[in-house]
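S.K.: I am attaching a structure below and will ask some questions about it afterwards.
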Amino acid sequence: DLTQTLLEHFIVHTGLYPARVLVYRDGVSEGDFARVLENECKVIRNVCFKNLPNASQNEECQGKASIFNSPPITFIVCQTQHNIRIVPERPVLRHGNVFSGTCVDSKILDVKDSLLTATKDIPREPSKCFEDPRDEGYDFLLTSQGGLKGTSKPVMYRVLLNENVVWRPQGDYRLDGSPLTKEKLQLCTFHMAFQYGTATKAVRDVPVVKYSKRLAGNIMGYYQFMEAS
């Protein structure tokens, strides 16, 4: 199982059990949001629960995986197939694009944000939650790359679930953790754009998504080669 393998690698290389889970998902249409969120979050919770230290088992959950006995999850879908463009009112750069790191999280996203889908169904427990979690929408558009020619196309990040803004991280980080607010999530996503191994500047997609695309392309290439031969 892929999730089990990733968790084992994380524990082996860090010597720690994950306190939070941040998922960037590509290739999901809006009609599949509910199905993907339910199925994939369930798998992540089950794998984390099976690998919990014995001391962390929560008797109230009756041996089942839940938010009470697994790391809080933030689940984000990266949408690139859209017709939205962000341009400056008064261009400063010679190619007429916005600066790298330009983020839009209001106006055109207000309708989606008003649904509060990322936090509305998250259970609250005062002893394990942040004191005053601010319920708001978390979707945003980010132009992380610096365009050189043509109009830069932003990536729309749809935050389907954000338990990390409500629940404290578990374990040793419980007292030191802070809520994953909209501003921190945007900054985290932009900083990751600089971590793609074969680029010297920020890339358009989050590197984990780009790496997964490359891996999927390699696998499909091998599969088609073997099928043809």
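Chain labels A, B, ... are given in the sequence in which chains occur in the structure tokens; within each chain residues are numbered consecutively from 1, and ligands are likewise numbered from 1 in the order shown.
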What's around Ala193 in chain A at 6 Å? Count only C-alpha atoms, leave out sequence neighbours fewer than 6 positions away in its own chain, and write the answer as a PyMOL selection string.

M.R.: chain A and resi 202-203+206

S.K.: Export, as a CSV table (one decimal), in the first residue's frame, the selected residues with N, CA, C and O atoms.

M.R.:
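Output below, filename out-v2.csv:
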chain,number,residue,atom,x,y,z
A,202,ALA,N,11.2,29.4,-8.7
A,202,ALA,CA,9.9,28.8,-8.3
A,202,ALA,C,9.2,28.2,-9.5
A,202,ALA,O,9.3,28.7,-10.6
A,203,VAL,N,8.6,27.1,-9.3
A,203,VAL,CA,7.8,26.4,-10.4
A,203,VAL,C,6.3,26.7,-10.2
A,203,VAL,O,5.9,27.1,-9.1
A,206,VAL,N,3.0,22.7,-7.2
A,206,VAL,CA,3.8,22.3,-6.0
A,206,VAL,C,4.7,21.1,-6.4
A,206,VAL,O,4.2,20.2,-7.1

S.K.: Neighbours of Asp1 in chain A within 12 Å (only C-alpha atoms; same-chain residues fewer than 2 positions away dropped), as a PyMOL selection string?

M.R.: chain A and resi 3-8+43-44+46-47

S.K.: Residues at most 9 Å from range 74-85 of chain A, counting only C-alpha atoms, excluding those fewer than 5 positions away in the same chain, as an MDAnalysis selection string?

M.R.: chainID A and resid 20:29 33 37 41 118 139 151:165 180 205:206 209

S.K.: Could you check which of A:Lys149, A:Lys50, A:Arg35, A:Lys210 is closest to Gly96 in chain A, using only C-alpha atoms?

M.R.: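 So, comparing all the options, the nearest one is A:Lys149.
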
S.K.: Check the smallest atom-to-atom distance from each of A:Glu183, A:Glu38, A:Glu136, A:Glu227 to Val104 in chain A using only C-alpha atoms, then report the winner.

M.R.: A:Glu183

S.K.: So that I can check the secondary structure, give me every residue of range 61-141 of chain A assigned helix (DSSP H, G or I) by backbone DSSP, as a list in words.

M.R.: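 Residues meeting the helix (DSSP H, G or I) criterion: Cys61, Asp110, Val111, Lys112 and Asp113 of chain A.
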
S.K.: Export, as a CSV table (one decimal), in the first residue's frame, the selected residues with all heavy atoms.

M.R.:
chain,number,residue,atom,x,y,z
A,61,CYS,N,-12.5,5.6,21.0
A,61,CYS,CA,-12.7,5.4,19.6
A,61,CYS,C,-13.1,4.0,19.3
A,61,CYS,O,-13.3,3.6,18.2
A,61,CYS,CB,-11.5,5.9,18.8
A,61,CYS,SG,-11.2,7.6,19.0
A,110,ASP,N,-15.0,34.3,-3.2
A,110,ASP,CA,-15.9,34.6,-2.0
A,110,ASP,C,-17.0,33.6,-2.0
A,110,ASP,O,-17.4,33.1,-0.9
A,110,ASP,CB,-16.4,36.0,-2.1
A,110,ASP,CG,-15.4,37.0,-1.6
A,110,ASP,OD1,-14.4,36.6,-1.1
A,110,ASP,OD2,-15.6,38.2,-1.8
A,111,VAL,N,-17.6,33.2,-3.1
A,111,VAL,CA,-18.7,32.3,-3.1
A,111,VAL,C,-18.3,30.9,-2.6
A,111,VAL,O,-19.0,30.3,-1.8
A,111,VAL,CB,-19.3,32.2,-4.6
A,111,VAL,CG1,-20.4,31.1,-4.6
A,111,VAL,CG2,-19.9,33.5,-5.0
A,112,LYS,N,-17.2,30.4,-3.1
A,112,LYS,CA,-16.7,29.1,-2.6
A,112,LYS,C,-16.3,29.2,-1.2
A,112,LYS,O,-16.6,28.2,-0.4
A,112,LYS,CB,-15.5,28.7,-3.5
A,112,LYS,CG,-15.8,28.4,-4.9
A,112,LYS,CD,-14.6,27.9,-5.7
A,112,LYS,CE,-14.9,27.5,-7.1
A,112,LYS,NZ,-15.5,28.5,-8.0
A,113,ASP,N,-15.7,30.3,-0.8
A,113,ASP,CA,-15.3,30.4,0.6
A,113,ASP,C,-16.4,30.4,1.6
A,113,ASP,O,-16.4,30.0,2.7
A,113,ASP,CB,-14.4,31.6,0.8
A,113,ASP,CG,-13.0,31.4,0.3
A,113,ASP,OD1,-12.6,30.3,0.0
A,113,ASP,OD2,-12.3,32.4,0.1

S.K.: Give the strand (DSSP E) residues of range 3-229 of chain A, as assigned by DSSP on the backbone, as an MDAnalysis selection string.

M.R.: chainID A and resid 21:26 73:79 102:104 140:143 155:162

S.K.: Tell me, in Å to one decimal, how far CA of Lys64 in chain A is from CA of Ala34 in chain A.

M.R.: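 Between these atoms lies a distance of 21.3 Å.
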
S.K.: What separation in Å, quoted to one decimal, exists between CA of Pro53 in chain A and CA of Glu131 in chain A?

M.R.: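 Atom-to-atom, CA of Pro53 in chain A to CA of Glu131 in chain A, that is 27.0 Å.
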
S.K.: So what do you get for CA of Asn97 in chain A versus CA of Thr143 in chain A, distance-wise?

M.R.: 9.8 Å

S.K.: Rank A:Trp167, A:Tyr222, A:Phe49, A:Phe140 by their smallest atom-to-atom distance to Thr119 in chain A, using only C-alpha atoms, and report the top residue only.

M.R.: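 Among the listed residues, A:Trp167 lies closest to Thr119 in chain A.
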